[in-house]
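Enquirer: Just one file: work.pdb, with PDB, C-alpha atoms.
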ATOM      1  CA  MET H1292      13.232  30.977 -27.571
ATOM      2  CA  ASN H1293      14.457  27.638 -28.683
ATOM      3  CA  PRO H1294      12.986  24.947 -26.457
ATOM      4  CA  ILE H1295      15.690  22.464 -27.405
ATOM      5  CA  GLY H1296      17.954  24.297 -24.990
ATOM      6  CA  ASN H1297      15.878  23.033 -22.086
ATOM      7  CA  LEU H1298      16.161  19.407 -23.060
ATOM      8  CA  ASN H1299      18.619  17.749 -20.754
ATOM      9  CA  LYS H1300      21.340  15.804 -22.527
ATOM     10  CA  ILE H1301      21.724  13.555 -19.508
ATOM     11  CA  PHE H1302      18.219  12.231 -19.964
ATOM     12  CA  GLU H1303      18.821  11.226 -23.570
ATOM     13  CA  SER H1304      19.581   7.660 -22.519
ATOM     14  CA  ARG H1305      16.550   5.432 -22.072
ATOM     15  CA  ILE H1306      17.993   3.868 -18.914
ATOM     16  CA  ARG H1307      18.751   7.196 -17.261
ATOM     17  CA  LEU H1308      15.328   8.512 -18.192
ATOM     18  CA  GLY H1309      13.813   5.329 -16.782
ATOM     19  CA  VAL H1310      15.720   5.623 -13.509
ATOM     20  CA  MET H1311      14.540   9.201 -13.070
ATOM     21  CA  SER H1312      10.923   8.293 -13.913
ATOM     22  CA  ILE H1313      10.920   5.498 -11.372
ATOM     23  CA  LEU H1314      12.552   7.590  -8.670
ATOM     24  CA  MET H1315      10.093  10.432  -9.237
ATOM     25  CA  VAL H1316       7.255   8.242  -8.029
ATOM     26  CA  ASN H1317       9.015   5.948  -5.539
ATOM     27  CA  GLU H1318      10.858   7.120  -2.458
ATOM     28  CA  ASP H1319      13.655   4.534  -2.380
ATOM     29  CA  VAL H1320      14.364   1.865  -4.913
ATOM     30  CA  ASN H1321      17.183  -0.644  -4.671
ATOM     31  CA  PHE H1322      19.540  -1.699  -7.403
ATOM     32  CA  ASN H1323      17.930  -5.035  -8.161
ATOM     33  CA  ASP H1324      14.445  -3.612  -8.491
ATOM     34  CA  LEU H1325      15.702  -0.943 -10.862
ATOM     35  CA  LYS H1326      17.496  -3.587 -12.845
ATOM     36  CA  GLN H1327      14.355  -5.700 -13.178
ATOM     37  CA  MET H1328      12.087  -2.817 -14.044
ATOM     38  CA  LEU H1329      14.452  -1.398 -16.645
ATOM     39  CA  GLU H1330      15.566  -4.775 -17.960
ATOM     40  CA  ALA H1331      19.161  -3.598 -17.847
ATOM     41  CA  THR H1332      22.397  -5.408 -17.130
ATOM     42  CA  ASP H1333      24.408  -4.807 -13.944
ATOM     43  CA  GLY H1334      27.272  -2.967 -15.585
ATOM     44  CA  ASN H1335      25.114  -0.874 -17.848
ATOM     45  CA  LEU H1336      22.774   0.229 -15.074
ATOM     46  CA  ALA H1337      25.664   0.909 -12.684
ATOM     47  CA  SER H1338      27.397   3.238 -15.121
ATOM     48  CA  HIS H1339      24.193   5.171 -15.796
ATOM     49  CA  LEU H1340      23.551   5.465 -12.080
ATOM     50  CA  THR H1341      27.060   6.831 -11.577
ATOM     51  CA  THR H1342      26.418   9.481 -14.209
ATOM     52  CA  LEU H1343      23.202  10.523 -12.506
ATOM     53  CA  GLU H1344      24.892  10.581  -9.118
ATOM     54  CA  GLU H1345      27.820  12.657 -10.381
ATOM     55  CA  ASN H1346      25.327  15.193 -11.707
ATOM     56  CA  GLY H1347      23.691  15.370  -8.303
ATOM     57  CA  PHE H1348      20.349  14.091  -9.566
ATOM     58  CA  ILE H1349      20.165  11.026  -7.362
ATOM     59  CA  LYS H1350      21.329  10.062  -3.885
ATOM     60  CA  VAL H1351      22.876   6.699  -3.094
ATOM     61  CA  HIS H1352      22.387   5.018   0.263
ATOM     62  CA  LYS H1353      24.571   2.050   0.928
ATOM     63  CA  GLY H1354      23.153  -0.320   3.479
ATOM     64  CA  PHE H1355      23.253  -3.946   4.454
ATOM     65  CA  ILE H1356      20.662  -6.666   4.718
ATOM     66  CA  GLY H1357      22.602  -9.134   6.810
ATOM     67  CA  ARG H1358      25.916  -9.313   5.063
ATOM     68  CA  LYS H1359      24.582  -8.565   1.633
ATOM     69  CA  THR H1360      24.908  -5.017   0.492
ATOM     70  CA  ASN H1361      21.667  -3.272  -0.245
ATOM     71  CA  THR H1362      22.111  -0.069  -2.179
ATOM     72  CA  THR H1363      19.081   2.102  -2.592
ATOM     73  CA  TYR H1364      18.635   5.186  -4.691
ATOM     74  CA  SER H1365      16.437   8.226  -4.295
ATOM     75  CA  ILE H1366      15.965  11.425  -6.206
ATOM     76  CA  THR H1367      17.461  14.744  -5.062
ATOM     77  CA  LYS H1368      15.770  18.141  -5.160
ATOM     78  CA  ALA H1369      18.028  19.108  -8.061
ATOM     79  CA  GLY H1370      17.142  15.890  -9.850
ATOM     80  CA  GLU H1371      13.460  16.530  -9.433
ATOM     81  CA  LYS H1372      13.836  20.029 -10.811
ATOM     82  CA  ALA H1373      15.928  18.903 -13.769
ATOM     83  CA  PHE H1374      13.493  16.118 -14.581
ATOM     84  CA  LYS H1375      10.483  18.421 -14.426
ATOM     85  CA  SER H1376      12.049  20.979 -16.742
ATOM     86  CA  HIS H1377      13.043  18.178 -19.108
ATOM     87  CA  LEU H1378       9.421  17.036 -19.159
ATOM     88  CA  ALA H1379       8.209  20.573 -19.774
ATOM     89  CA  ALA H1380      10.721  20.954 -22.609
ATOM     90  CA  LEU H1381       9.518  17.714 -24.190
ATOM     91  CA  GLU H1382       5.952  18.947 -24.052
ATOM     92  CA  ASP H1383       6.959  22.258 -25.606
ATOM     93  CA  MET H1384       8.796  20.471 -28.370
ATOM     94  CA  ILE H1385       5.728  18.496 -29.239
ATOM     95  CA  LYS H1386       3.489  21.536 -29.166
ATOM     96  CA  PHE H1387       5.930  23.493 -31.341
ATOM     97  CA  SER H1388       6.258  20.902 -34.021
ATOM     98  CA  LYS H1389       2.513  20.586 -34.452
TER      99      LYS H1389
ATOM    100  CA  MET X1467      11.145  12.220 -36.899
ATOM    101  CA  ASN X1468      12.251  14.376 -34.007
ATOM    102  CA  GLN X1469       8.738  14.646 -32.709
ATOM    103  CA  GLN X1470       8.434  10.898 -32.847
ATOM    104  CA  HIS X1471      11.466  10.678 -30.616
ATOM    105  CA  HIS X1472      10.052  13.075 -28.034
ATOM    106  CA  LEU X1473       6.711  11.323 -27.985
ATOM    107  CA  GLN X1474       8.552   8.068 -27.470
ATOM    108  CA  GLN X1475      10.427   9.578 -24.512
ATOM    109  CA  LEU X1476       7.208  10.807 -22.943
ATOM    110  CA  SER X1477       5.557   7.449 -23.316
ATOM    111  CA  ASP X1478       8.643   5.739 -21.832
ATOM    112  CA  ILE X1479       8.421   8.014 -18.826
ATOM    113  CA  LYS X1480       4.745   7.339 -18.376
ATOM    114  CA  GLN X1481       5.210   3.617 -18.705
ATOM    115  CA  MET X1482       8.067   3.499 -16.195
ATOM    116  CA  MET X1483       6.149   5.537 -13.650
ATOM    117  CA  GLU X1484       3.104   3.351 -14.008
ATOM    118  CA  ARG X1485       4.928   0.071 -14.016
ATOM    119  CA  SER X1486       6.856   0.912 -10.897
ATOM    120  CA  THR X1487       3.894   2.183  -8.909
ATOM    121  CA  ARG X1488       0.997   0.060 -10.015
ATOM    122  CA  PHE X1489       1.211  -1.830  -6.771
ATOM    123  CA  LEU X1490      -0.307   1.122  -5.000
ATOM    124  CA  SER X1491      -3.319   1.240  -7.226
ATOM    125  CA  LEU X1492      -5.531  -0.498  -4.732
ATOM    126  CA  SER X1493      -8.823   1.010  -5.685
ATOM    127  CA  GLY X1494     -10.446   3.346  -3.196
ATOM    128  CA  LEU X1495     -13.648   1.427  -3.862
ATOM    129  CA  SER X1496     -11.890  -1.653  -2.471
ATOM    130  CA  GLY X1497     -11.425   0.162   0.803
ATOM    131  CA  ILE X1498     -15.056   1.219   0.924
ATOM    132  CA  ALA X1499     -16.337  -2.273   0.082
ATOM    133  CA  SER X1500     -14.106  -3.969   2.675
ATOM    134  CA  GLY X1501     -15.106  -1.402   5.251
ATOM    135  CA  ILE X1502     -18.791  -2.068   4.659
ATOM    136  CA  THR X1503     -18.199  -5.833   4.836
ATOM    137  CA  GLY X1504     -16.373  -5.351   8.136
ATOM    138  CA  LEU X1505     -19.255  -3.306   9.517
ATOM    139  CA  ILE X1506     -21.863  -5.888   8.507
ATOM    140  CA  GLY X1507     -19.781  -8.612  10.143
ATOM    141  CA  ALA X1508     -19.428  -6.550  13.297
ATOM    142  CA  PHE X1509     -23.162  -5.848  13.477
ATOM    143  CA  ILE X1510     -23.975  -9.546  13.172
ATOM    144  CA  ALA X1511     -21.391 -10.328  15.863
ATOM    145  CA  ARG X1512     -22.829  -7.683  18.141
ATOM    146  CA  SER X1513     -26.367  -8.989  17.782
ATOM    147  CA  TRP X1514     -25.210 -12.528  18.635
ATOM    148  CA  MET X1515     -23.321 -11.279  21.650
ATOM    149  CA  LYS X1516     -26.324  -9.246  22.740
ATOM    150  CA  SER X1517     -28.643 -12.226  22.602
ATOM    151  CA  TYR X1518     -26.080 -14.302  24.482
ATOM    152  CA  TYR X1519     -25.877 -11.706  27.227
ATOM    153  CA  SER X1520     -29.640 -11.296  27.486
ATOM    154  CA  ASP X1521     -29.933 -15.090  27.911
ATOM    155  CA  TYR X1522     -27.166 -14.863  30.451
ATOM    156  CA  ASP X1523     -29.009 -12.174  32.369
ATOM    157  CA  ALA X1524     -32.220 -14.197  32.301
ATOM    158  CA  VAL X1525     -30.583 -17.370  33.597
ATOM    159  CA  GLY X1526     -28.169 -15.586  35.859
ATOM    160  CA  ARG X1527     -25.267 -17.954  35.427
ATOM    161  CA  VAL X1528     -22.649 -18.762  32.839
ATOM    162  CA  ASP X1529     -23.707 -21.485  30.474
ATOM    163  CA  ALA X1530     -20.436 -23.021  29.308
ATOM    164  CA  ALA X1531     -22.012 -24.708  26.274
ATOM    165  CA  ALA X1532     -23.721 -21.528  25.101
ATOM    166  CA  PHE X1533     -20.503 -19.575  25.543
ATOM    167  CA  LEU X1534     -18.545 -22.102  23.513
ATOM    168  CA  GLU X1535     -21.203 -22.016  20.810
ATOM    169  CA  LEU X1536     -20.995 -18.237  20.662
ATOM    170  CA  LYS X1537     -17.225 -18.413  20.468
ATOM    171  CA  VAL X1538     -17.259 -20.887  17.574
ATOM    172  CA  LYS X1539     -19.935 -18.889  15.756
ATOM    173  CA  LEU X1540     -17.908 -15.711  16.139
ATOM    174  CA  ILE X1541     -14.742 -17.372  14.869
ATOM    175  CA  VAL X1542     -16.558 -18.667  11.779
ATOM    176  CA  LEU X1543     -18.117 -15.248  11.246
ATOM    177  CA  ALA X1544     -14.715 -13.591  11.550
ATOM    178  CA  ILE X1545     -13.209 -15.901   8.943
ATOM    179  CA  CYS X1546     -16.139 -15.374   6.562
ATOM    180  CA  THR X1547     -15.929 -11.606   7.000
ATOM    181  CA  LEU X1548     -12.209 -11.657   6.298
ATOM    182  CA  VAL X1549     -12.648 -13.754   3.146
ATOM    183  CA  VAL X1550     -15.472 -11.571   1.817
ATOM    184  CA  ALA X1551     -13.640  -8.335   2.686
ATOM    185  CA  VAL X1552     -10.456  -9.417   0.918
ATOM    186  CA  GLY X1553     -12.545 -10.797  -1.963
ATOM    187  CA  VAL X1554     -14.535  -7.637  -2.642
ATOM    188  CA  GLY X1555     -11.368  -5.593  -2.183
ATOM    189  CA  ALA X1556      -9.585  -7.687  -4.781
ATOM    190  CA  ILE X1557     -12.486  -7.507  -7.255
ATOM    191  CA  PHE X1558     -12.620  -3.707  -7.264
ATOM    192  CA  THR X1559      -8.874  -3.437  -7.638
ATOM    193  CA  TYR X1560      -8.686  -6.078 -10.342
ATOM    194  CA  ARG X1561     -11.354  -4.278 -12.328
ATOM    195  CA  ARG X1562      -9.200  -1.208 -12.633
ATOM    196  CA  PRO X1563      -8.175  -0.968 -16.271
ATOM    197  CA  GLU X1564      -4.482  -0.417 -15.719
ATOM    198  CA  VAL X1565      -4.058  -3.463 -13.496
ATOM    199  CA  ASN X1566      -2.737  -6.423 -15.409
ATOM    200  CA  LYS X1567      -1.088  -9.730 -14.702
ATOM    201  CA  GLN X1568       2.335  -8.215 -14.671
ATOM    202  CA  THR X1569       1.387  -6.202 -11.571
ATOM    203  CA  PHE X1570       1.319  -9.330  -9.485
ATOM    204  CA  PHE X1571       4.809 -10.363 -10.460
ATOM    205  CA  SER X1572       6.501  -7.022 -10.072
ATOM    206  CA  PRO X1573       9.323  -7.051  -7.519
ATOM    207  CA  ILE X1574       7.679  -4.361  -5.458
ATOM    208  CA  PHE X1575       4.385  -6.190  -5.253
ATOM    209  CA  LYS X1576       6.245  -9.214  -3.923
ATOM    210  CA  LYS X1577       8.095  -7.135  -1.380
ATOM    211  CA  ILE X1578       4.895  -5.506  -0.202
ATOM    212  CA  THR X1579       3.151  -8.832   0.196
ATOM    213  CA  ILE X1580       5.985 -10.219   2.324
ATOM    214  CA  ASN X1581       6.227  -7.114   4.469
ATOM    215  CA  LEU X1582       2.485  -7.072   4.972
ATOM    216  CA  MET X1583       2.156 -10.757   5.752
ATOM    217  CA  ILE X1584       4.854 -11.001   8.436
ATOM    218  CA  PRO X1585       3.116  -8.791  11.011
ATOM    219  CA  LEU X1586      -0.334  -9.975   9.920
ATOM    220  CA  VAL X1587       0.440 -13.666  10.292
ATOM    221  CA  THR X1588       2.187 -12.982  13.606
ATOM    222  CA  GLY X1589      -0.951 -11.198  14.794
ATOM    223  CA  GLY X1590      -3.172 -13.997  13.512
ATOM    224  CA  ILE X1591      -1.236 -16.690  15.359
ATOM    225  CA  PHE X1592      -1.077 -14.519  18.458
ATOM    226  CA  ILE X1593      -4.871 -14.151  18.438
ATOM    227  CA  ALA X1594      -5.429 -17.825  17.684
ATOM    228  CA  ALA X1595      -3.300 -18.601  20.740
ATOM    229  CA  LEU X1596      -5.193 -16.074  22.869
ATOM    230  CA  ILE X1597      -8.576 -17.650  22.250
ATOM    231  CA  THR X1598      -7.395 -21.178  22.972
ATOM    232  CA  HIS X1599      -6.753 -20.189  26.593
ATOM    233  CA  ASP X1600      -9.608 -20.429  29.019
ATOM    234  CA  ARG X1601      -8.877 -17.140  30.735
ATOM    235  CA  ASN X1602     -11.233 -14.621  29.178
ATOM    236  CA  PHE X1603      -8.512 -13.357  26.894
ATOM    237  CA  GLU X1604     -11.242 -12.730  24.295
ATOM    238  CA  VAL X1605     -11.354  -9.077  25.285
ATOM    239  CA  LEU X1606      -7.840  -8.747  23.900
ATOM    240  CA  VAL X1607      -8.788  -9.916  20.409
ATOM    241  CA  ALA X1608     -10.010  -6.576  19.051
ATOM    242  CA  PRO X1609      -7.079  -4.441  20.272
ATOM    243  CA  THR X1610      -4.597  -7.080  19.105
ATOM    244  CA  CYS X1611      -6.192  -7.126  15.639
ATOM    245  CA  LEU X1612      -6.002  -3.356  15.422
ATOM    246  CA  VAL X1613      -2.422  -3.014  16.643
ATOM    247  CA  PHE X1614      -0.999  -5.761  14.432
ATOM    248  CA  TYR X1615      -2.968  -4.551  11.431
ATOM    249  CA  GLY X1616      -1.711  -1.017  11.989
ATOM    250  CA  LEU X1617       1.879  -2.223  12.303
ATOM    251  CA  ALA X1618       1.501  -4.295   9.142
ATOM    252  CA  LEU X1619       0.274  -1.257   7.218
ATOM    253  CA  LEU X1620       3.043   0.888   8.645
ATOM    254  CA  ASN X1621       5.533  -1.740   7.559
ATOM    255  CA  ILE X1622       4.467  -1.417   3.916
ATOM    256  CA  SER X1623       3.899   2.326   3.925
ATOM    257  CA  LYS X1624       7.511   2.955   3.021
ATOM    258  CA  TYR X1625       6.934   1.280  -0.326
ATOM    259  CA  MET X1626       3.945   3.418  -1.102
ATOM    260  CA  VAL X1627       3.743   7.071  -1.897
ATOM    261  CA  SER X1628       0.153   7.135  -0.739
ATOM    262  CA  ASP X1629      -1.340   8.168   2.570
ATOM    263  CA  ILE X1630      -1.526   4.668   4.005
ATOM    264  CA  LYS X1631       0.834   5.742   6.787
ATOM    265  CA  TYR X1632      -1.931   7.766   8.393
ATOM    266  CA  LEU X1633      -4.382   4.890   8.237
ATOM    267  CA  ALA X1634      -1.708   2.726   9.891
ATOM    268  CA  LEU X1635      -1.143   5.178  12.720
ATOM    269  CA  VAL X1636      -4.870   5.561  13.346
ATOM    270  CA  GLU X1637      -5.294   1.777  13.542
ATOM    271  CA  ILE X1638      -2.438   1.464  16.044
ATOM    272  CA  LEU X1639      -3.829   4.319  18.123
ATOM    273  CA  LEU X1640      -7.304   2.752  18.150
ATOM    274  CA  GLY X1641      -5.818  -0.582  19.244
ATOM    275  CA  LEU X1642      -3.905   1.034  22.088
ATOM    276  CA  LEU X1643      -6.929   3.076  23.195
ATOM    277  CA  ASN X1644      -8.961  -0.092  23.149
ATOM    278  CA  MET X1645      -6.552  -1.582  25.712
ATOM    279  CA  PHE X1646      -7.826   0.988  28.188
ATOM    280  CA  PHE X1647     -11.487   0.287  27.380
ATOM    281  CA  LEU X1648     -11.370  -3.454  27.016
ATOM    282  CA  ARG X1649     -15.087  -4.275  27.095
ATOM    283  CA  ASN X1650     -15.775  -2.048  24.103
ATOM    284  CA  GLY X1651     -13.651  -3.987  21.646
ATOM    285  CA  ILE X1652     -16.473  -4.384  19.148
ATOM    286  CA  TYR X1653     -16.894  -0.606  18.825
ATOM    287  CA  PHE X1654     -13.189  -0.010  18.353
ATOM    288  CA  TRP X1655     -13.171  -2.816  15.820
ATOM    289  CA  MET X1656     -16.081  -1.200  13.955
ATOM    290  CA  ILE X1657     -14.291   2.136  13.855
ATOM    291  CA  GLY X1658     -10.931   0.661  12.867
ATOM    292  CA  PHE X1659     -11.965  -1.911  10.308
ATOM    293  CA  GLY X1660     -15.281  -0.457   9.206
ATOM    294  CA  PHE X1661     -15.378   3.307   9.268
ATOM    295  CA  MET X1662     -11.644   3.930   8.829
ATOM    296  CA  HIS X1663     -11.558   1.778   5.686
ATOM    297  CA  ILE X1664     -14.584   3.556   4.286
ATOM    298  CA  ILE X1665     -13.075   6.967   5.018
ATOM    299  CA  TYR X1666      -9.679   5.961   3.662
ATOM    300  CA  GLY X1667     -11.198   4.363   0.568
ATOM    301  CA  ALA X1668     -13.403   7.368  -0.096
ATOM    302  CA  SER X1669     -10.524   9.807   0.222
ATOM    303  CA  MET X1670      -8.325   7.674  -2.074
ATOM    304  CA  TRP X1671     -11.116   7.484  -4.598
ATOM    305  CA  TRP X1672     -11.703  11.224  -4.348
ATOM    306  CA  LYS X1673      -8.019  12.019  -4.790
ATOM    307  CA  TYR X1674      -6.970   9.573  -7.485
ATOM    308  CA  GLU X1675      -9.892   7.928  -9.262
ATOM    309  CA  ARG X1676     -12.642  10.482  -9.532
ATOM    310  CA  LYS X1677     -13.828  11.067 -13.118
ATOM    311  CA  GLY X1678     -11.517   8.306 -14.225
ATOM    312  CA  SER X1679      -8.411  10.334 -13.508
ATOM    313  CA  VAL X1680      -5.501   8.145 -12.539
ATOM    314  CA  ASN X1681      -2.980  10.382 -10.899
TER     315      ASN X1681
END
Could the structure of this file be written out as structure tokens, please?

Expert:
Amino acid sequence: MNPIGNLNKIFESRIRLGVMSILMVNEDVNFNDLKQMLEATDGNLASHLTTLEENGFIKVHKGFIGRKTNTTYSITKAGEKAFKSHLAALEDMIKFSK
Amino acid sequence: MNQQHHLQQLSDIKQMMERSTRFLSLSGLSGIASGITGLIGAFIARSWMKSYYSDYDAVGRVDAAAFLELKVKLIVLAICTLVVAVGVGAIFTYRRPEVNKQTFFSPIFKKITINLMIPLVTGGIFIAALITHDRNFEVLVAPTCLVFYGLALLNISKYMVSDIKYLALVEILLGLLNMFFLRNGIYFWMIGFGFMHIIYGASMWWKYERKGSVN
């Protein structure tokens, strides 16, 4: 079987991979914290987050702190599964090419 | 070439996970050390209180000066215990290899500090106010410590994936129980700040740090 098939195209981008990694180990993370940790720009991060959301890998919660919007993100069950199989595929790839 | 790329991806993942969660890598040993410090402090306090009460029984009346002296001594002891407990806790955590300067500037670390300090400082001022009154409010010090400390921990538990929530709930429960057994504050304090920290620290160490394994 060709392990490349299990690699998820969506996780090719460093930012999207980063978002998933962070959300795997943190319950909720807000936009600004993601931005700081990934050293991404607003627009760039927002478009990657939209992609992940459209694929059902992350959940968006829109809230307010006072009048300021506070949007937090968390991983979905599907996202967790997809990320884990991506990780497994990466490991396989490395084992295979040895 | 391709393999290089996959290795790079794996190391990116690892780095992101670590960077975003390092704030929770308080060492389990920190918990144990602070717990032991708390217990030593409590034992010293108890022996002072005992000798005060045996003098009191011998004389048969309240000696205002001796009581004030005990109170001041206990306050100083409490401050010293707190400083040493936080100090030893910090040392063990700082010695962990994966902790670096960047940890202390991460956005989550900042958020945790703020969320921890608000209930803690509130509790501290509340207690400071309690002991300035001349109405035997001292019995309320231990339960107040426990309840505010528990609430502070609960307040930060949502930023941590670890089991700190349970420690928080136990501390709150101990504080509330203490309200029904007011004269035994020192024992509740010993359980809450001494034994619970040791148990929590040991279980954290067992789960995440044993044989150098960082989860």

Enquirer: Name the residues captured by the PyMOL selection byres ((chain X and resi 1669) around 12) when it is applied to the shown file; answer as a short mmCIF file (atom, residue, chain, number, x, y, z; two decimals) with C-alpha atoms, in the coordinates of the input.

Expert:
data_model
loop_
_atom_site.label_atom_id
_atom_site.label_comp_id
_atom_site.auth_asym_id
_atom_site.auth_seq_id
_atom_site.Cartn_x
_atom_site.Cartn_y
_atom_site.Cartn_z
CA SER X 1493 -8.82 1.01 -5.68
CA GLY X 1494 -10.45 3.35 -3.20
CA LEU X 1495 -13.65 1.43 -3.86
CA SER X 1496 -11.89 -1.65 -2.47
CA GLY X 1497 -11.42 0.16 0.80
CA ILE X 1498 -15.06 1.22 0.92
CA SER X 1628 0.15 7.14 -0.74
CA ASP X 1629 -1.34 8.17 2.57
CA ILE X 1630 -1.53 4.67 4.00
CA LEU X 1633 -4.38 4.89 8.24
CA MET X 1662 -11.64 3.93 8.83
CA HIS X 1663 -11.56 1.78 5.69
CA ILE X 1664 -14.58 3.56 4.29
CA ILE X 1665 -13.08 6.97 5.02
CA TYR X 1666 -9.68 5.96 3.66
CA GLY X 1667 -11.20 4.36 0.57
CA ALA X 1668 -13.40 7.37 -0.10
CA MET X 1670 -8.32 7.67 -2.07
CA TRP X 1671 -11.12 7.48 -4.60
CA TRP X 1672 -11.70 11.22 -4.35
CA LYS X 1673 -8.02 12.02 -4.79
CA TYR X 1674 -6.97 9.57 -7.48
CA GLU X 1675 -9.89 7.93 -9.26
CA ARG X 1676 -12.64 10.48 -9.53
#

Enquirer: If we count only C-alpha atoms and set the cut-off at 9 Å, which residues sit around His1339 (chain H), ignoring sequence neighbours fewer than 5 positions away in its own chain? Please answer as a PyMOL selection string.

Expert: chain H and resi 1304+1306-1307+1310+1334+1344

Enquirer: Please identify every residue of chain H that has at least one atom no more than 9 Å from any atom of chain X, counting only C-alpha atoms, and report them as a list of chain:residue names.

Expert: H:Glu1303, H:Arg1305, H:Leu1308, H:Gly1309, H:Val1310, H:Met1311, H:Ser1312, H:Ile1313, H:Leu1314, H:Met1315, H:Val1316, H:Asn1317, H:Glu1318, H:Asp1319, H:Val1320, H:Asn1323, H:Asp1324, H:Gln1327, H:Met1328, H:Leu1329, H:Leu1378, H:Leu1381, H:Glu1382, H:Met1384, H:Ile1385, H:Ser1388, H:Lys1389

Enquirer: If we count only C-alpha atoms, what is near Ile1349 (chain H) at a cut-off of 10 Å, once residues fewer than 5 positions away on the same chain are taken out, given as a list of chain:residue names?

Expert: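 Contacts, with the query itself left out: H:Val1310, H:Met1311, H:Leu1314, H:Leu1340, H:Thr1341, H:Thr1342, H:Leu1343, H:Glu1344, H:Tyr1364, H:Ser1365, H:Ile1366, H:Thr1367, H:Lys1368, H:Ala1369, H:Gly1370, H:Glu1371.
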
Enquirer: May I ask for the distance between CA of Lys1631 (chain X) and CA of Phe1603 (chain X), given in Å to one decimal place?

Expert: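 Taking CA of Lys1631 (chain X) and CA of Phe1603 (chain X), their separation equals 29.3 Å.
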
Enquirer: Please indicate the distance in Å from CA of Asn1299 (chain H) to CA of His1377 (chain H), rounded to one decimal place.

Expert: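 Straight-line distance from CA of Asn1299 (chain H) to CA of His1377 (chain H) works out to 5.8 Å.
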
Enquirer: What does the distance from CA of Ile1502 (chain X) to CA of Thr1547 (chain X) come to in Å, to one decimal?

Expert: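 Atom-to-atom, CA of Ile1502 (chain X) to CA of Thr1547 (chain X), that is 10.2 Å.
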
Enquirer: Could you pull the residues within 9 Å of Asp1333 (chain H), counting all atoms listed in the file, minus those fewer than 3 positions along the same chain, as a list in words?

Expert: Phe1322, Asn1323, Lys1326, Leu1336, Ala1337 and Ser1338 of chain H

Enquirer: So that I can see what lies close to Leu1640 (chain X), please list as a ChimeraX atom specification the residues with an atom at most 8 Å from it, counting only C-alpha atoms and leaving out residues fewer than 4 positions away in the same chain.

Expert: /X:1609,1612-1613,1636,1644,1654,1658

Enquirer: Store the residues picked out above in a file with C-alpha atoms, as a PDB file, in the coordinates of the input.

Expert:
ATOM      1  CA  PRO X1609      -7.079  -4.441  20.272  1.00  0.00           C
ATOM      2  CA  LEU X1612      -6.002  -3.356  15.422  1.00  0.00           C
ATOM      3  CA  VAL X1613      -2.422  -3.014  16.643  1.00  0.00           C
ATOM      4  CA  VAL X1636      -4.870   5.561  13.346  1.00  0.00           C
ATOM      5  CA  ASN X1644      -8.961  -0.092  23.149  1.00  0.00           C
ATOM      6  CA  PHE X1654     -13.189  -0.010  18.353  1.00  0.00           C
ATOM      7  CA  GLY X1658     -10.931   0.661  12.867  1.00  0.00           C
TER       8      GLY X1658
END

Enquirer: Leaving out Thr1598 (chain X) and any residue of its chain fewer than 5 positions from it, which residues lie within 12 Å of it when counting only C-alpha atoms, given as a PyMOL selection string?

Expert: chain X and resi 1534+1537-1538+1541+1591-1593+1603-1604+1607

Enquirer: Give the answer as one residue: which of X:Gly1507, X:Pro1585, X:Gly1651, X:Gly1590 has the shortest atom-to-atom distance to Leu1619 (chain X), using only C-alpha atoms?

Expert: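 Counting only C-alpha atoms, the residue closest to Leu1619 (chain X) is X:Pro1585.
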
Enquirer: Any chance you could build region 1331-1338 of chain H out to N, CA, C and O atoms and write it as a PDB file, in the frame of the given file?

Expert:
ATOM      1  N   ALA H1331      17.798  -3.996 -17.509  1.00  0.00           N
ATOM      2  CA  ALA H1331      19.161  -3.598 -17.847  1.00  0.00           C
ATOM      3  C   ALA H1331      20.149  -4.601 -17.245  1.00  0.00           C
ATOM      4  O   ALA H1331      19.793  -5.374 -16.361  1.00  0.00           O
ATOM      5  N   THR H1332      21.375  -4.551 -17.729  1.00  0.00           N
ATOM      6  CA  THR H1332      22.397  -5.408 -17.130  1.00  0.00           C
ATOM      7  C   THR H1332      23.077  -4.653 -15.993  1.00  0.00           C
ATOM      8  O   THR H1332      22.987  -3.433 -15.911  1.00  0.00           O
ATOM      9  N   ASP H1333      23.750  -5.409 -15.108  1.00  0.00           N
ATOM     10  CA  ASP H1333      24.408  -4.807 -13.944  1.00  0.00           C
ATOM     11  C   ASP H1333      25.312  -3.639 -14.330  1.00  0.00           C
ATOM     12  O   ASP H1333      25.190  -2.535 -13.824  1.00  0.00           O
ATOM     13  N   GLY H1334      26.250  -3.952 -15.250  1.00  0.00           N
ATOM     14  CA  GLY H1334      27.272  -2.967 -15.585  1.00  0.00           C
ATOM     15  C   GLY H1334      26.681  -1.722 -16.223  1.00  0.00           C
ATOM     16  O   GLY H1334      27.017  -0.592 -15.868  1.00  0.00           O
ATOM     17  N   ASN H1335      25.765  -1.960 -17.143  1.00  0.00           N
ATOM     18  CA  ASN H1335      25.114  -0.874 -17.848  1.00  0.00           C
ATOM     19  C   ASN H1335      24.377   0.053 -16.883  1.00  0.00           C
ATOM     20  O   ASN H1335      24.575   1.272 -16.868  1.00  0.00           O
ATOM     21  N   LEU H1336      23.548  -0.564 -16.022  1.00  0.00           N
ATOM     22  CA  LEU H1336      22.774   0.229 -15.074  1.00  0.00           C
ATOM     23  C   LEU H1336      23.710   0.980 -14.130  1.00  0.00           C
ATOM     24  O   LEU H1336      23.522   2.169 -13.866  1.00  0.00           O
ATOM     25  N   ALA H1337      24.747   0.288 -13.642  1.00  0.00           N
ATOM     26  CA  ALA H1337      25.664   0.909 -12.684  1.00  0.00           C
ATOM     27  C   ALA H1337      26.312   2.156 -13.276  1.00  0.00           C
ATOM     28  O   ALA H1337      26.426   3.186 -12.606  1.00  0.00           O
ATOM     29  N   SER H1338      26.718   2.075 -14.557  1.00  0.00           N
ATOM     30  CA  SER H1338      27.397   3.238 -15.121  1.00  0.00           C
ATOM     31  C   SER H1338      26.433   4.404 -15.311  1.00  0.00           C
ATOM     32  O   SER H1338      26.778   5.558 -15.077  1.00  0.00           O
TER      33      SER H1338
END
